[in-house]
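To be precise, the following lines are target_32.csv, and they hold CSV, N, CA and C atoms.
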```csv
chain,number,residue,atom,x,y,z
D,972,MET,N,-2.2,5.8,23.1
D,972,MET,CA,-2.7,4.5,22.4
D,972,MET,C,-2.4,4.6,20.9
D,973,LEU,N,-2.0,3.6,20.4
D,973,LEU,CA,-1.7,3.5,19.0
D,973,LEU,C,-3.0,3.1,18.2
D,974,LEU,N,-3.2,3.8,17.1
D,974,LEU,CA,-4.3,3.5,16.2
D,974,LEU,C,-3.9,2.3,15.3
D,975,ARG,N,-4.7,1.4,15.1
D,975,ARG,CA,-4.5,0.3,14.2
D,975,ARG,C,-5.1,0.7,12.8
D,976,ARG,N,-4.3,0.7,11.8
D,976,ARG,CA,-4.8,1.1,10.5
D,976,ARG,C,-4.3,0.0,9.5
D,977,ASP,N,-5.2,-0.3,8.6
D,977,ASP,CA,-4.9,-1.2,7.5
D,977,ASP,C,-4.0,-0.5,6.5
D,978,PRO,N,-2.8,-1.0,6.3
D,978,PRO,CA,-1.9,-0.3,5.3
D,978,PRO,C,-2.5,-0.3,3.9
D,979,GLY,N,-3.2,-1.3,3.5
D,979,GLY,CA,-3.9,-1.3,2.2
D,979,GLY,C,-4.9,-0.2,2.1
D,980,GLU,N,-5.7,0.0,3.1
D,980,GLU,CA,-6.7,1.1,3.1
D,980,GLU,C,-6.0,2.4,3.1
D,981,THR,N,-4.9,2.6,3.8
D,981,THR,CA,-4.2,3.9,3.7
D,981,THR,C,-3.7,4.1,2.3
D,982,TYR,N,-3.1,3.1,1.7
D,982,TYR,CA,-2.7,3.3,0.3
D,982,TYR,C,-3.8,3.7,-0.6
D,983,ARG,N,-5.0,3.0,-0.5
D,983,ARG,CA,-6.1,3.3,-1.3
D,983,ARG,C,-6.6,4.7,-1.1
D,984,ARG,N,-6.6,5.2,0.1
D,984,ARG,CA,-7.0,6.6,0.3
D,984,ARG,C,-6.0,7.6,-0.3
D,985,VAL,N,-4.8,7.4,-0.2
D,985,VAL,CA,-3.8,8.3,-0.8
D,985,VAL,C,-3.9,8.2,-2.3
D,986,ASP,N,-4.0,7.0,-2.9
D,986,ASP,CA,-4.2,6.9,-4.3
D,986,ASP,C,-5.5,7.6,-4.8
D,987,PHE,N,-6.5,7.4,-4.1
D,987,PHE,CA,-7.8,8.0,-4.4
D,987,PHE,C,-7.7,9.6,-4.4
D,988,ASP,N,-7.1,10.1,-3.3
D,988,ASP,CA,-7.0,11.6,-3.2
D,988,ASP,C,-6.1,12.1,-4.3
D,989,ALA,N,-5.1,11.4,-4.6
D,989,ALA,CA,-4.2,11.9,-5.7
D,989,ALA,C,-4.9,11.9,-7.0
D,990,ARG,N,-5.7,10.9,-7.3
D,990,ARG,CA,-6.4,10.8,-8.6
D,990,ARG,C,-7.6,11.8,-8.7
D,991,VAL,N,-8.2,12.2,-7.5
D,991,VAL,CA,-9.3,13.1,-7.5
D,991,VAL,C,-8.8,14.6,-7.9
D,992,ARG,N,-7.6,14.9,-7.3
D,992,ARG,CA,-7.1,16.3,-7.5
D,992,ARG,C,-6.9,16.5,-9.0
D,993,GLY,N,-7.5,17.5,-9.6
D,993,GLY,CA,-7.3,17.9,-10.9
D,993,GLY,C,-8.0,17.0,-12.0
D,994,ALA,N,-8.8,16.1,-11.5
D,994,ALA,CA,-9.5,15.2,-12.5
D,994,ALA,C,-10.6,15.9,-13.2
D,995,SER,N,-10.8,15.5,-14.4
D,995,SER,CA,-12.0,16.1,-15.2
D,995,SER,C,-13.3,15.4,-14.7
D,996,SER,N,-14.4,15.9,-15.1
D,996,SER,CA,-15.7,15.3,-14.7
D,996,SER,C,-15.8,13.8,-15.2
D,997,LEU,N,-15.3,13.6,-16.4
D,997,LEU,CA,-15.3,12.2,-16.9
D,997,LEU,C,-14.4,11.3,-16.1
D,998,GLN,N,-13.3,11.8,-15.7
D,998,GLN,CA,-12.3,11.0,-14.9
D,998,GLN,C,-12.9,10.7,-13.5
D,999,LEU,N,-13.7,11.7,-13.0
D,999,LEU,CA,-14.3,11.5,-11.6
D,999,LEU,C,-15.4,10.5,-11.7
D,1000,VAL,N,-16.2,10.5,-12.7
D,1000,VAL,CA,-17.2,9.5,-12.9
D,1000,VAL,C,-16.6,8.1,-13.0
D,1001,ALA,N,-15.5,8.0,-13.9
D,1001,ALA,CA,-14.8,6.7,-14.0
D,1001,ALA,C,-14.2,6.2,-12.7
D,1002,LEU,N,-13.7,7.2,-11.9
D,1002,LEU,CA,-13.1,6.8,-10.6
D,1002,LEU,C,-14.2,6.3,-9.7
D,1003,CYS,N,-15.4,7.0,-9.7
D,1003,CYS,CA,-16.5,6.5,-8.8
D,1003,CYS,C,-17.0,5.1,-9.2
D,1004,LEU,N,-17.1,4.9,-10.5
D,1004,LEU,CA,-17.5,3.6,-11.0
D,1004,LEU,C,-16.5,2.5,-10.6
D,1005,GLU,N,-15.2,2.9,-10.7
D,1005,GLU,CA,-14.1,2.0,-10.3
D,1005,GLU,C,-14.1,1.7,-8.8
D,1006,GLN,N,-14.4,2.7,-8.0
D,1006,GLN,CA,-14.4,2.6,-6.6
D,1006,GLN,C,-15.6,1.7,-6.1
D,1007,ALA,N,-16.7,2.0,-6.7
D,1007,ALA,CA,-17.9,1.2,-6.4
D,1007,ALA,C,-17.7,-0.3,-6.7
D,1008,ALA,N,-17.2,-0.6,-7.9
D,1008,ALA,CA,-17.0,-1.9,-8.3
D,1008,ALA,C,-15.9,-2.6,-7.5
D,1009,GLY,N,-14.8,-1.9,-7.2
D,1009,GLY,CA,-13.8,-2.4,-6.3
D,1009,GLY,C,-14.2,-2.7,-4.9
D,1010,SER,N,-15.1,-1.8,-4.4
D,1010,SER,CA,-15.6,-2.0,-3.0
D,1010,SER,C,-16.5,-3.2,-3.0
D,1011,ILE,N,-17.3,-3.4,-4.0
D,1011,ILE,CA,-18.2,-4.6,-4.1
D,1011,ILE,C,-17.3,-5.9,-4.1
D,1012,GLY,N,-16.3,-5.8,-4.9
D,1012,GLY,CA,-15.4,-7.0,-5.0
D,1012,GLY,C,-14.8,-7.3,-3.6
D,1013,ARG,N,-14.3,-6.2,-2.9
D,1013,ARG,CA,-13.7,-6.4,-1.6
D,1013,ARG,C,-14.8,-7.0,-0.6
D,1014,ALA,N,-16.0,-6.5,-0.7
D,1014,ALA,CA,-17.1,-7.0,0.2
D,1014,ALA,C,-17.3,-8.5,0.0
D,1015,VAL,N,-17.3,-9.0,-1.3
D,1015,VAL,CA,-17.5,-10.4,-1.6
D,1015,VAL,C,-16.3,-11.2,-1.0
D,1016,TYR,N,-15.1,-10.7,-1.2
D,1016,TYR,CA,-13.9,-11.4,-0.7
D,1016,TYR,C,-14.0,-11.5,0.8
D,1017,ALA,N,-14.4,-10.4,1.5
D,1017,ALA,CA,-14.4,-10.4,2.9
D,1017,ALA,C,-15.5,-11.3,3.4
D,1018,GLN,N,-16.6,-11.4,2.7
D,1018,GLN,CA,-17.7,-12.4,3.1
D,1018,GLN,C,-17.2,-13.8,3.0
D,1019,ASP,N,-16.5,-14.1,1.9
D,1019,ASP,CA,-15.9,-15.4,1.7
D,1019,ASP,C,-14.9,-15.8,2.8
D,1020,HIS,N,-14.3,-14.8,3.4
D,1020,HIS,CA,-13.2,-15.1,4.4
D,1020,HIS,C,-13.7,-14.8,5.8
D,1021,GLY,N,-15.0,-14.5,5.9
D,1021,GLY,CA,-15.6,-14.3,7.3
D,1021,GLY,C,-15.1,-13.1,8.0
D,1022,ASP,N,-14.8,-12.0,7.2
D,1022,ASP,CA,-14.3,-10.8,7.8
D,1022,ASP,C,-15.5,-9.8,7.7
D,1023,ASN,N,-16.4,-9.8,8.7
D,1023,ASN,CA,-17.5,-8.9,8.7
D,1023,ASN,C,-17.2,-7.5,8.8
D,1024,SER,N,-16.1,-7.1,9.5
D,1024,SER,CA,-15.7,-5.7,9.6
D,1024,SER,C,-15.3,-5.2,8.2
D,1025,ALA,N,-14.5,-5.9,7.5
D,1025,ALA,CA,-14.0,-5.5,6.2
D,1025,ALA,C,-15.2,-5.5,5.2
D,1026,LYS,N,-16.1,-6.5,5.3
D,1026,LYS,CA,-17.3,-6.5,4.5
D,1026,LYS,C,-18.1,-5.3,4.7
D,1027,SER,N,-18.4,-4.9,5.9
D,1027,SER,CA,-19.2,-3.7,6.2
D,1027,SER,C,-18.5,-2.4,5.7
D,1028,ALA,N,-17.2,-2.3,5.9
D,1028,ALA,CA,-16.5,-1.1,5.4
D,1028,ALA,C,-16.6,-1.1,3.9
D,1029,ALA,N,-16.4,-2.2,3.2
D,1029,ALA,CA,-16.5,-2.2,1.7
D,1029,ALA,C,-17.9,-1.9,1.2
D,1030,LEU,N,-18.9,-2.4,1.9
D,1030,LEU,CA,-20.3,-2.1,1.5
D,1030,LEU,C,-20.6,-0.6,1.7
D,1031,THR,N,-20.0,0.0,2.8
D,1031,THR,CA,-20.2,1.4,3.0
D,1031,THR,C,-19.5,2.3,2.0
D,1032,ARG,N,-18.3,1.9,1.6
D,1032,ARG,CA,-17.6,2.6,0.5
D,1032,ARG,C,-18.4,2.5,-0.8
D,1033,ALA,N,-18.9,1.3,-1.1
D,1033,ALA,CA,-19.7,1.1,-2.3
D,1033,ALA,C,-20.9,2.1,-2.4
D,1034,VAL,N,-21.6,2.1,-1.3
D,1034,VAL,CA,-22.8,3.0,-1.2
D,1034,VAL,C,-22.3,4.5,-1.4
D,1035,ALA,N,-21.2,4.9,-0.8
D,1035,ALA,CA,-20.7,6.2,-0.9
D,1035,ALA,C,-20.4,6.6,-2.4
D,1036,ALA,N,-19.8,5.6,-3.1
D,1036,ALA,CA,-19.5,5.8,-4.5
D,1036,ALA,C,-20.7,5.9,-5.3
D,1037,ILE,N,-21.7,5.1,-5.0
D,1037,ILE,CA,-23.0,5.1,-5.8
D,1037,ILE,C,-23.7,6.4,-5.5
D,1038,THR,N,-23.6,6.9,-4.3
D,1038,THR,CA,-24.2,8.2,-4.0
D,1038,THR,C,-23.6,9.3,-4.8
D,1039,ALA,N,-22.3,9.3,-4.8
D,1039,ALA,CA,-21.5,10.3,-5.6
D,1039,ALA,C,-22.0,10.2,-7.1
D,1040,LEU,N,-22.1,9.0,-7.6
D,1040,LEU,CA,-22.6,8.9,-9.0
D,1040,LEU,C,-24.0,9.4,-9.2
D,1041,GLU,N,-24.9,9.2,-8.3
D,1041,GLU,CA,-26.2,9.7,-8.3
D,1041,GLU,C,-26.2,11.2,-8.4
D,1042,LEU,N,-25.4,11.8,-7.5
D,1042,LEU,CA,-25.4,13.3,-7.4
D,1042,LEU,C,-24.9,13.9,-8.7
D,1043,GLY,N,-24.1,13.1,-9.5
D,1043,GLY,CA,-23.6,13.7,-10.7
D,1043,GLY,C,-24.4,13.4,-12.0
D,1044,VAL,N,-25.5,12.8,-11.9
D,1044,VAL,CA,-26.3,12.5,-13.0
D,1044,VAL,C,-27.1,13.7,-13.5
D,1045,ASP,N,-26.9,13.9,-14.8
D,1045,ASP,CA,-27.7,15.0,-15.5
D,1045,ASP,C,-29.0,14.5,-15.9
D,1046,SER,N,-30.1,14.9,-15.2
D,1046,SER,CA,-31.4,14.4,-15.4
D,1046,SER,C,-32.0,14.8,-16.8
D,1047,THR,N,-31.4,15.8,-17.4
D,1047,THR,CA,-31.9,16.2,-18.7
D,1047,THR,C,-31.2,15.4,-19.9
D,1048,HIS,N,-30.2,14.7,-19.6
D,1048,HIS,CA,-29.5,13.9,-20.6
D,1048,HIS,C,-30.4,12.6,-20.8
D,1049,PRO,N,-30.4,12.1,-22.1
D,1049,PRO,CA,-31.2,10.9,-22.4
D,1049,PRO,C,-30.9,9.7,-21.5
D,1050,ALA,N,-29.6,9.6,-21.1
D,1050,ALA,CA,-29.2,8.4,-20.3
D,1050,ALA,C,-29.4,8.7,-18.8
D,1051,GLY,N,-29.8,9.9,-18.4
D,1051,GLY,CA,-30.0,10.3,-17.0
D,1051,GLY,C,-30.9,9.4,-16.3
D,1052,GLN,N,-32.1,9.2,-16.8
D,1052,GLN,CA,-33.1,8.4,-16.0
D,1052,GLN,C,-32.7,6.9,-15.9
D,1053,PRO,N,-32.3,6.3,-17.0
D,1053,PRO,CA,-31.8,4.9,-16.8
D,1053,PRO,C,-30.6,4.8,-15.9
D,1054,LEU,N,-29.7,5.7,-15.9
D,1054,LEU,CA,-28.6,5.6,-14.9
D,1054,LEU,C,-29.1,5.8,-13.5
D,1055,MET,N,-30.1,6.7,-13.2
D,1055,MET,CA,-30.6,6.8,-11.9
D,1055,MET,C,-31.3,5.5,-11.4
D,1056,GLN,N,-32.0,4.9,-12.3
D,1056,GLN,CA,-32.7,3.6,-12.0
D,1056,GLN,C,-31.6,2.6,-11.7
D,1057,LEU,N,-30.6,2.5,-12.4
D,1057,LEU,CA,-29.5,1.5,-12.2
D,1057,LEU,C,-28.8,1.8,-10.8
D,1058,TYR,N,-28.5,3.1,-10.6
D,1058,TYR,CA,-27.9,3.4,-9.3
D,1058,TYR,C,-28.8,3.2,-8.1
D,1059,LEU,N,-30.1,3.5,-8.2
D,1059,LEU,CA,-31.0,3.2,-7.2
D,1059,LEU,C,-31.1,1.7,-6.9
D,1060,SER,N,-31.2,0.9,-7.9
D,1060,SER,CA,-31.2,-0.6,-7.8
D,1060,SER,C,-29.9,-1.1,-7.1
D,1061,ALA,N,-28.8,-0.5,-7.6
D,1061,ALA,CA,-27.5,-1.0,-7.0
D,1061,ALA,C,-27.4,-0.6,-5.6
D,1062,ARG,N,-27.8,0.6,-5.2
D,1062,ARG,CA,-27.8,1.0,-3.8
D,1062,ARG,C,-28.7,0.1,-2.9
D,1063,ARG,N,-29.9,-0.2,-3.4
D,1063,ARG,CA,-30.8,-1.1,-2.7
D,1063,ARG,C,-30.2,-2.5,-2.5
D,1064,THR,N,-29.6,-3.0,-3.5
D,1064,THR,CA,-29.0,-4.4,-3.4
D,1064,THR,C,-27.8,-4.4,-2.5
D,1065,ILE,N,-27.0,-3.3,-2.5
D,1065,ILE,CA,-25.8,-3.2,-1.6
D,1065,ILE,C,-26.3,-3.1,-0.2
D,1066,LEU,N,-27.3,-2.3,0.1
D,1066,LEU,CA,-27.8,-2.1,1.4
D,1066,LEU,C,-28.5,-3.4,1.9
D,1067,ASP,N,-29.2,-4.1,1.1
D,1067,ASP,CA,-29.8,-5.3,1.4
D,1067,ASP,C,-28.8,-6.4,1.8
D,1068,SER,N,-27.6,-6.3,1.1
D,1068,SER,CA,-26.6,-7.3,1.4
D,1068,SER,C,-25.9,-7.1,2.8
D,1069,ALA,N,-26.2,-6.0,3.4
D,1069,ALA,CA,-25.7,-5.9,4.8
D,1069,ALA,C,-26.4,-6.9,5.7
D,1070,LEU,N,-27.6,-7.2,5.4
D,1070,LEU,CA,-28.4,-8.1,6.2
D,1070,LEU,C,-28.4,-9.5,5.6
D,1071,ARG,N,-28.7,-9.6,4.3
D,1071,ARG,CA,-28.8,-10.9,3.6
D,1071,ARG,C,-27.8,-10.8,2.4
D,1072,PHE,N,-26.6,-11.2,2.6
D,1072,PHE,CA,-25.6,-11.1,1.6
D,1072,PHE,C,-25.9,-12.0,0.4
D,1073,ASP,N,-25.8,-11.4,-0.8
D,1073,ASP,CA,-26.1,-12.1,-2.0
D,1073,ASP,C,-24.9,-11.8,-3.0
D,1074,ALA,N,-23.9,-12.6,-3.0
D,1074,ALA,CA,-22.7,-12.4,-3.8
D,1074,ALA,C,-23.0,-12.4,-5.3
D,1075,ALA,N,-24.0,-13.2,-5.7
D,1075,ALA,CA,-24.3,-13.3,-7.1
D,1075,ALA,C,-24.9,-11.9,-7.6
D,1076,LYS,N,-25.8,-11.4,-6.8
D,1076,LYS,CA,-26.4,-10.1,-7.2
D,1076,LYS,C,-25.3,-9.0,-7.2
D,1077,LEU,N,-24.5,-9.0,-6.2
D,1077,LEU,CA,-23.4,-8.0,-6.1
D,1077,LEU,C,-22.4,-8.1,-7.3
D,1078,GLU,N,-22.1,-9.4,-7.7
D,1078,GLU,CA,-21.2,-9.6,-8.8
D,1078,GLU,C,-21.8,-9.0,-10.1
D,1079,THR,N,-23.1,-9.2,-10.2
D,1079,THR,CA,-23.8,-8.6,-11.4
D,1079,THR,C,-23.7,-7.1,-11.4
D,1080,ILE,N,-23.9,-6.5,-10.3
D,1080,ILE,CA,-23.8,-5.0,-10.2
D,1080,ILE,C,-22.3,-4.6,-10.5
D,1081,ARG,N,-21.4,-5.3,-9.9
D,1081,ARG,CA,-20.0,-5.0,-10.1
D,1081,ARG,C,-19.6,-5.0,-11.6
D,1082,VAL,N,-20.0,-6.1,-12.3
D,1082,VAL,CA,-19.8,-6.2,-13.7
D,1082,VAL,C,-20.5,-5.1,-14.5
D,1083,ASP,N,-21.7,-4.8,-14.2
D,1083,ASP,CA,-22.4,-3.7,-14.9
D,1083,ASP,C,-21.7,-2.4,-14.7
D,1084,LEU,N,-21.2,-2.1,-13.5
D,1084,LEU,CA,-20.5,-0.8,-13.3
D,1084,LEU,C,-19.2,-0.8,-14.1
D,1085,LEU,N,-18.5,-1.9,-14.1
D,1085,LEU,CA,-17.3,-1.9,-14.9
D,1085,LEU,C,-17.6,-1.8,-16.4
D,1086,ASP,N,-18.7,-2.4,-16.9
D,1086,ASP,CA,-19.1,-2.3,-18.3
D,1086,ASP,C,-19.4,-0.8,-18.7
D,1087,ILE,N,-20.1,-0.2,-17.8
D,1087,ILE,CA,-20.5,1.2,-18.0
D,1087,ILE,C,-19.2,2.1,-18.1
D,1088,ARG,N,-18.3,1.8,-17.1
D,1088,ARG,CA,-17.0,2.6,-17.1
D,1088,ARG,C,-16.2,2.4,-18.4
D,1089,GLU,N,-16.1,1.1,-18.8
D,1089,GLU,CA,-15.4,0.8,-20.1
D,1089,GLU,C,-16.0,1.5,-21.3
D,1090,ALA,N,-17.4,1.4,-21.4
D,1090,ALA,CA,-18.1,2.0,-22.5
D,1090,ALA,C,-17.9,3.5,-22.5
D,1091,MET,N,-18.0,4.1,-21.3
D,1091,MET,CA,-17.9,5.6,-21.2
D,1091,MET,C,-16.5,6.0,-21.6
D,1092,LEU,N,-15.5,5.4,-21.2
D,1092,LEU,CA,-14.1,5.7,-21.5
D,1092,LEU,C,-13.8,5.5,-23.0
D,1093,ALA,N,-14.4,4.4,-23.6
D,1093,ALA,CA,-14.2,4.1,-25.0
D,1093,ALA,C,-14.8,5.2,-25.9
D,1094,THR,N,-16.0,5.7,-25.5
D,1094,THR,CA,-16.7,6.7,-26.3
D,1094,THR,C,-16.0,8.1,-26.1
D,1095,ALA,N,-15.3,8.3,-25.0
D,1095,ALA,CA,-14.7,9.6,-24.8
D,1095,ALA,C,-13.4,9.8,-25.6
D,1096,GLY,N,-12.9,8.7,-26.1
D,1096,GLY,CA,-11.8,9.0,-27.0
D,1096,GLY,C,-10.6,8.2,-26.7
```

Encoding of this model in structure tokens:
Amino acid sequence: MLLRRDPGETYRRVDFDARVRGASSLQLVALCLEQAAGSIGRAVYAQDHGDNSAKSAALTRAVAAITALELGVDSTHPAGQPLMQLYLSARRTILDSALRFDAAKLETIRVDLLDIREAMLATAG
């Protein structure tokens, strides 16, 4: 039996794996933020096009990226607690969207994550 695979998903996995290898901690955080934001965007697109399977997969990837971000937070850093609150809220909204999809809330989270990524990379040099 042949497995059906989405070529776009295969490309994303290969690209992700290549970017993770040898990445610094800053690059890994930036990648997780990018992955979470991108997955949220794909979920909204899938919802708009009635593709529940793709929406579910994208929401799952977004939660996984948020979880990775949570695991990397330094709770002793001054920004640690606010980041944890943001990630917890993001996770809750993403999970709630599995049952009651709210594209506006997801878009707010997506923009916030991209803003954090941009600010983090700008201050890094």

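One finds atom C of D:Gln998 at 18.8 Å from atom N of D:His1048.
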
request  = Would you work out the distance separating atom CA of D:Pro1049 from atom CA of D:Glu1005, expressed in Å to one decimal?
outcome  = 22.8 Å

task = Could you please write out, as a PyMOL selection string, every residue of chain D that DSSP assigns to helix (DSSP H, G or I)?
result = chain D and resi 978-991+996-1019+1023-1042+1051-1067+1074-1095

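Of note, atom CA of D:Ala1008 and atom CA of D:Gly993 are spaced 22.2 Å apart.
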
inquiry  = When you count all atoms listed in the file, which of these residues is closest to D:Leu1004: D:Leu1040, D:Ala1028, D:Leu1070, D:Ala1061?
reply    = D:Leu1040

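For the residues D:Arg1071, D:Ser995, D:Leu1002, D:His1020, ranking by smallest atom-to-atom distance to D:Glu1089 using only C-alpha atoms places D:Leu1002 first.
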
request  = Fewer than 5 positions away in the same chain doesn't count, so skip those; otherwise give me all residues within 6.5 Å of D:Met1055, counting all atoms listed in the file, as an MDAnalysis selection string.
outcome  = chainID D and resid 1041 1050 1060

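Nearest residue to D:Thr1094 among D:Ala1007, D:Lys1026, D:Leu997, D:Leu1057 is D:Leu997, counting only C-alpha atoms.
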
inquiry  = Which residues are close to stretch 1009-1013 of chain D, i.e. within 8 Å by only C-alpha atoms, leaving aside same-chain residues fewer than 6 positions away? Reply as a list in words.
reply    = Ala1025, Lys1026, Ala1029, Leu1030, Arg1032, Ala1033, Leu1077, Glu1078 and Arg1081 of chain D
